[in-house]
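Note: the block below is query26.txt and it holds compact mmCIF, C-alpha atoms and all ligand atoms.
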# COMPACT_ATOMS: atom_id res chain seq x y z
CA MET A 42 98.41 14.07 94.51
CA GLN A 43 101.31 13.61 96.87
CA MET A 44 103.37 12.09 94.09
CA ALA A 45 102.74 15.08 91.83
CA ALA A 46 103.76 17.51 94.55
CA HIS A 47 107.03 15.69 95.06
CA THR A 48 107.96 15.45 91.42
CA GLY A 49 107.44 19.24 91.09
CA SER A 50 109.48 20.13 94.15
CA HIS A 51 112.83 18.77 92.97
CA LEU A 52 113.10 20.35 89.56
CA PHE A 53 116.60 21.56 90.25
CA GLY A 54 117.82 18.51 92.15
CA PRO A 55 120.01 15.79 90.71
CA LEU A 56 118.12 13.35 88.52
CA LEU A 57 119.18 10.37 90.59
CA ALA A 58 118.06 11.84 93.95
CA ARG A 59 116.10 9.30 95.97
CA GLN A 60 114.39 11.73 98.36
CA CYS A 61 112.51 15.01 98.10
CA LEU A 62 115.03 17.78 98.90
CA ARG A 63 112.48 19.58 101.08
CA CYS A 64 110.66 16.90 103.07
CA ARG A 65 112.90 13.87 102.53
CA ALA A 66 109.93 11.80 101.37
CA PRO A 67 110.79 9.06 98.85
CA LEU A 68 110.51 10.21 95.23
CA ARG A 69 108.72 8.40 92.46
CA GLN A 70 111.10 6.29 90.40
CA ARG A 71 111.14 7.46 86.81
CA SER A 72 109.96 4.82 84.39
CA CYS A 73 110.79 6.87 81.28
CA ALA A 74 114.15 7.47 79.61
CA TYR A 75 113.87 11.27 79.60
CA SER A 76 113.74 13.82 82.39
CA VAL A 77 111.48 16.57 81.03
CA VAL A 78 110.68 16.44 77.31
CA PRO A 79 109.50 13.20 75.63
CA PRO A 80 111.24 12.21 72.39
CA PRO A 81 109.09 13.57 69.52
CA LEU A 82 106.90 11.02 67.75
CA ASP A 83 107.02 12.76 64.36
CA SER A 84 108.46 15.79 62.60
CA GLU A 85 105.42 17.93 63.43
CA GLU A 86 105.82 17.35 67.17
CA LYS A 87 109.57 17.91 66.91
CA ARG A 88 109.00 21.27 65.21
CA MET A 89 106.54 22.28 67.93
CA LEU A 90 108.80 21.24 70.81
CA ASP A 91 111.88 22.80 69.22
CA ARG A 92 109.99 26.07 68.81
CA PHE A 93 108.68 25.99 72.40
CA LEU A 94 112.03 25.18 74.00
CA ARG A 95 114.04 27.59 71.86
CA VAL A 96 111.84 30.56 72.66
CA ASP A 97 111.59 29.67 76.37
CA HIS A 98 115.36 29.48 76.61
CA ALA A 99 115.67 32.81 74.78
CA GLY A 100 113.12 34.40 77.13
CA GLU A 101 114.96 33.25 80.24
CA TYR A 102 118.26 34.38 78.73
CA GLY A 103 116.81 37.80 77.95
CA ALA A 104 115.30 38.09 81.45
CA ASN A 105 118.72 37.33 82.95
CA ARG A 106 120.30 40.11 80.88
CA ILE A 107 117.57 42.58 81.90
CA TYR A 108 118.18 41.88 85.60
CA ALA A 109 121.95 42.09 84.99
CA GLY A 110 121.39 45.56 83.51
CA GLN A 111 119.21 46.60 86.44
CA MET A 112 121.78 45.35 88.95
CA ALA A 113 124.62 47.21 87.18
CA VAL A 114 122.76 50.44 87.98
CA LEU A 115 120.77 49.69 91.14
CA GLY A 116 122.88 46.89 92.66
CA ARG A 117 124.16 49.10 95.49
CA SER A 118 120.82 50.79 96.13
CA ARG A 119 118.18 49.69 98.62
CA THR A 120 116.36 47.93 95.77
CA GLY A 121 119.47 45.85 94.95
CA PRO A 122 118.66 42.81 97.14
CA LEU A 123 115.12 42.62 95.75
CA ILE A 124 116.34 42.67 92.15
CA GLN A 125 119.09 40.16 93.03
CA GLU A 126 116.47 37.80 94.46
CA MET A 127 114.46 37.85 91.22
CA TRP A 128 117.65 37.52 89.17
CA ASP A 129 118.68 34.45 91.17
CA GLN A 130 115.40 32.77 90.20
CA GLU A 131 115.97 33.70 86.55
CA LYS A 132 119.40 32.08 86.75
CA LYS A 133 117.77 28.83 87.86
CA HIS A 134 115.20 29.08 85.05
CA LEU A 135 117.95 29.59 82.48
CA GLN A 136 120.02 26.76 83.91
CA LYS A 137 117.03 24.43 83.60
CA PHE A 138 116.43 25.38 79.97
CA ASN A 139 120.15 24.98 79.22
CA GLU A 140 119.84 21.41 80.50
CA ILE A 141 116.59 20.77 78.58
CA LEU A 142 118.02 22.11 75.31
CA ALA A 143 121.11 19.91 75.67
CA GLU A 144 119.06 16.83 76.53
CA SER A 145 116.58 17.39 73.70
CA ARG A 146 119.31 18.38 71.22
CA VAL A 147 117.62 21.68 70.41
CA ARG A 148 119.84 24.52 69.27
CA PRO A 149 119.35 27.90 70.96
CA THR A 150 118.15 30.84 68.91
CA ALA A 151 120.78 32.48 66.72
CA LEU A 152 119.65 35.79 68.20
CA LEU A 153 121.26 35.23 71.63
CA PRO A 154 124.08 37.76 70.98
CA PHE A 155 121.42 40.35 70.16
CA TRP A 156 119.30 39.53 73.24
CA ASN A 157 122.49 39.75 75.31
CA ILE A 158 122.92 43.42 74.40
CA ALA A 159 119.25 44.37 74.04
CA GLY A 160 118.27 42.81 77.39
CA PHE A 161 121.10 44.49 79.30
CA ALA A 162 120.39 47.83 77.60
CA LEU A 163 116.69 47.65 78.47
CA GLY A 164 117.42 46.76 82.11
CA ALA A 165 120.13 49.38 82.57
CA SER A 166 118.35 52.21 80.74
CA THR A 167 115.10 51.85 82.67
CA ALA A 168 117.05 51.51 85.96
CA LEU A 169 118.93 54.75 85.16
CA LEU A 170 115.57 56.54 85.18
CA GLY A 171 114.90 55.26 88.70
CA LYS A 172 113.82 52.15 90.57
CA GLU A 173 110.14 52.71 89.68
CA TRP A 174 111.10 52.57 85.99
CA ALA A 175 113.03 49.36 86.58
CA MET A 176 109.91 47.95 88.26
CA ALA A 177 107.69 49.11 85.36
CA CYS A 178 110.04 47.25 83.01
CA THR A 179 109.83 44.17 85.24
CA VAL A 180 106.01 44.27 85.26
CA ALA A 181 105.84 44.59 81.46
CA VAL A 182 108.36 41.85 80.75
CA GLU A 183 107.14 39.41 83.40
CA GLU A 184 103.51 39.80 82.29
CA SER A 185 104.55 38.99 78.71
CA ILE A 186 106.57 35.95 79.81
CA SER A 187 103.73 34.68 82.05
CA GLU A 188 101.22 34.99 79.20
CA HIS A 189 103.65 33.26 76.89
CA TYR A 190 104.08 30.34 79.33
CA ASN A 191 100.30 30.18 79.75
CA SER A 192 99.79 29.86 76.01
CA GLN A 193 102.30 26.98 75.87
CA ILE A 194 100.68 25.31 78.90
CA ARG A 195 97.27 25.55 77.19
CA ALA A 196 98.64 24.10 73.94
CA LEU A 197 100.28 21.13 75.71
CA MET A 198 97.20 20.49 77.89
CA GLU A 199 94.97 20.43 74.80
CA ARG A 200 97.36 18.12 73.02
CA ASP A 201 98.17 15.50 75.67
CA PRO A 202 98.61 16.44 79.35
CA GLU A 203 99.83 12.93 80.27
CA ARG A 204 102.55 12.94 77.66
CA TYR A 205 103.92 16.33 78.72
CA THR A 206 103.54 15.94 82.51
CA GLU A 207 107.17 16.79 83.33
CA LEU A 208 107.41 19.69 80.91
CA LEU A 209 104.12 21.07 82.25
CA HIS A 210 105.54 20.93 85.80
CA VAL A 211 108.48 23.06 84.72
CA LEU A 212 106.40 25.56 82.75
CA LYS A 213 103.83 25.98 85.53
CA GLU A 214 106.49 26.46 88.19
CA PHE A 215 108.32 29.05 86.10
CA ARG A 216 105.04 30.79 85.16
CA ASP A 217 104.26 31.12 88.88
CA ASP A 218 107.73 32.60 89.54
CA GLU A 219 107.24 35.13 86.72
CA MET A 220 103.85 36.12 88.14
CA GLU A 221 105.52 36.71 91.51
CA HIS A 222 108.10 38.97 89.84
CA HIS A 223 105.26 40.82 88.11
CA ASP A 224 103.47 41.33 91.42
CA THR A 225 106.71 42.45 93.10
CA GLY A 226 107.06 45.16 90.44
CA LEU A 227 103.52 46.37 91.08
CA GLU A 228 104.11 46.39 94.86
CA HIS A 229 107.16 48.61 94.32
CA GLU A 230 105.43 51.46 92.56
CA ALA A 231 105.83 50.43 88.93
CA GLU A 232 102.57 52.20 88.12
CA SER A 233 103.87 55.53 89.43
CA VAL A 234 106.08 56.25 86.40
CA PRO A 235 104.80 58.94 84.02
CA GLY A 236 103.10 57.37 81.01
CA TYR A 237 103.09 53.91 82.67
CA TRP A 238 100.53 52.51 80.21
CA LEU A 239 102.58 53.65 77.20
CA VAL A 240 105.90 52.45 78.67
CA LYS A 241 104.41 49.06 79.47
CA ASN A 242 102.87 48.65 76.02
CA VAL A 243 106.05 49.67 74.18
CA ILE A 244 108.12 47.16 76.18
CA GLN A 245 105.50 44.44 75.65
CA LEU A 246 105.49 45.13 71.91
CA GLY A 247 109.25 44.52 72.02
CA CYS A 248 108.69 41.28 73.97
CA LYS A 249 106.16 40.06 71.36
CA ALA A 250 108.65 40.79 68.56
CA ALA A 251 111.39 39.00 70.53
CA ILE A 252 109.15 35.95 71.02
CA TYR A 253 108.15 35.89 67.35
CA ALA A 254 111.76 36.13 66.17
CA SER A 255 113.18 33.64 68.71
CA GLU A 256 110.64 30.97 67.72
CA ARG A 257 111.79 31.17 64.11
CA ILE A 258 115.50 32.06 64.00
FE FE A 301 112.21 33.28 84.26
FE FE A 302 110.86 36.45 85.98

What is this file in C-alpha cells?
Ligand SMILES: [Fe+2]
Ligand SMILES: [Fe+2]
Amino acid sequence: MQMAAHTGSHLFGPLLARQCLRCRAPLRQRSCAYSVVPPPLDSEEKRMLDRFLRVDHAGEYGANRIYAGQMAVLGRSRTGPLIQEMWDQEKKHLQKFNEILAESRVRPTALLPFWNIAGFALGASTALLGKEWAMACTVAVEESISEHYNSQIRALMERDPERYTELLHVLKEFRDDEMEHHDTGLEHEAESVPGYWLVKNVIQLGCKAAIYASERI
C-alpha cells in the first residue's frame, strides 16, 4: 500500500527521482521500460490506447482554453485567484498528457485549433455573464470530464488493472482533481444561474460531441 501511495505522489516529478517529493521516502525502482503507458501488444490495443490518450489530451487542452477565457474576463475580479488555481492544475494535466503522447508516439487530435477557439469562447462568454455563469460552465464541463475519466478507468480495470497500473494512477488522480473543480463550482453558486439545468445540459451535449470527435479525428 505504501508503495502505491508513493508512486502516485510523484506524477509530475522527474522520472529518475530517487525520493518521494513530499515525504522523502525512497521510491520504488521502475522495472519496466515505460513511465505510464505500456507498449501495445497488438493493433487492437494500440487503437484503444491511441483513442484514450488522444481524447484525454484534447479534453485537458480544451479545459485549459476554457479557464484562459474565464481568466481573460474575471482575472482581476475576486474570483480570479480561484479560477487561476483550477487553471494551474489543468496546466499540469495538459503537461502530463503532452509527455505521454510524445512517449507513446500518439498524435494529438487534428481538432486542436478548433478546441483552442471554442474553449476560449465558451470560457469567456459564460464569464461575461457573471462569475456564477463561469461556475455553471465549470460544473458542466468538469462533470463531463470526470465521467469520461471514470469510463476509461472502468474499461482499463476490466481489461487488466496490473498492466495499466501507472496509467490508472494518472487517470484517477486527474479524475479526483476534476471532481474538486466540479465541487468548487457548486460551492460558488453555479446553480443560481437562470435555467441552470438547461445551461448545464447544453454545455454537456457540446462536451459529448467534443469527446466523440476527438476520439476519431
Ligand atoms: Fe484536467
Ligand atoms: Fe478540471

- [ ] May I ask which of the residues A:Glu126, A:Asp224, A:Glu219, A:Glu207 is the closest one to ligand FE 301 (chain A), counting all atoms listed in the file?
- [x]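 Among the listed residues, the smallest separation from ligand FE 301 (chain A) belongs to A:Glu219.
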
- [ ] May I have the residues within 10 Å of ligand FE 301 (chain A), computed using all atoms listed in the file, as an NGL selection string?
- [x] :A and (97-98 or 100-105 or 127-135 or 138 or 183 or 186-187 or 190 or 212 or 214-220 or 222)

TODO: Could you tell me which of A:Val114, A:Ala109, A:Ser145, A:Glu256 comes closest to A:Pro81 if we count all atoms listed in the file?
DONE: A:Ser145

TODO: Find the residue from A:Ala231, A:Tyr108, A:Lys249, A:Arg195 that sits nearest to ligand FE 302 (chain A); use all atoms listed in the file when measuring.
DONE: A:Tyr108

Open item on the list: Need to verify the contact set: A:Glu144, 12 Å, all atoms listed in the file, exclusion of same-chain residues closer than 3 positions in sequence. Can you return it as a ChimeraX atom specification?
Closed with: /A:74-80,91,94,137-141,147-148

Open item on the list: Between atom CA of A:Ser118 and atom CA of A:Ala177, what distance in Å does the model show, to one decimal?
Closed with: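 Distance reported for this atom pair: 17.1 Å.
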
Open item on the list: One decimal, in Å: what's the spacing between atom CA of A:Gly247 and atom CA of A:Arg117?
Closed with: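 Rounded to one decimal, the two atoms are 28.2 Å apart.
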
Task: Atomic separation - atom CA of A:Glu228 relative to atom CA of A:Leu115, Å - done: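 Taking atom CA of A:Leu115 as the start and atom CA of A:Glu228 as the end point, the length is 17.4 Å.
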
Open item on the list: Applying 8 Å and all atoms listed in the file, which residues near A:Ala165 remain after dropping the ones on its own chain fewer than 3 positions away? List them as a PyMOL selection string.
Closed with: chain A and resi 107+109-114+161-162+168-169

Only C-alpha atoms, please: the residues just picked out, written as a tab-separated table (two decimals), in the frame of the given file.
chain	number	residue	atom	x	y	z
A	107	ILE	CA	117.57	42.58	81.90
A	109	ALA	CA	121.95	42.09	84.99
A	110	GLY	CA	121.39	45.56	83.51
A	111	GLN	CA	119.21	46.60	86.44
A	112	MET	CA	121.78	45.35	88.95
A	113	ALA	CA	124.62	47.21	87.18
A	114	VAL	CA	122.76	50.44	87.98
A	161	PHE	CA	121.10	44.49	79.30
A	162	ALA	CA	120.39	47.83	77.60
A	168	ALA	CA	117.05	51.51	85.96
A	169	LEU	CA	118.93	54.75	85.16

Task: Minimum-distance residue to ligand FE 302 (chain A), chosen among A:Thr179, A:Gln245, A:Asn191, A:Ser84 (using all atoms listed in the file) - done: A:Thr179

Task: Pick from A:Cys248, A:Val180, A:Ala196, A:Leu209, whichever lies nearest to ligand FE 302 (chain A) using all atoms listed in the file - done: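 Once distances to ligand FE 302 (chain A) are computed over all atoms listed in the file, the minimum belongs to A:Val180.
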
- [ ] Find the residue from A:Ser255, A:Thr225, A:Ser166, A:Thr120 that sits nearest to ligand FE 302 (chain A); use all atoms listed in the file when measuring.
- [x]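 Selected residue with least distance to ligand FE 302 (chain A): A:Thr225.
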
Padding 4 Å on every side, please: axis-aligned box over the listed atoms of stretch 236-248 of chain A, centre and edge lengths to one decimal in Å, as AutoDock Vina command-line options.
--center_x 104.9 --center_y 49.3 --center_z 77.3 --size_x 16.7 --size_y 24.1 --size_z 18.8
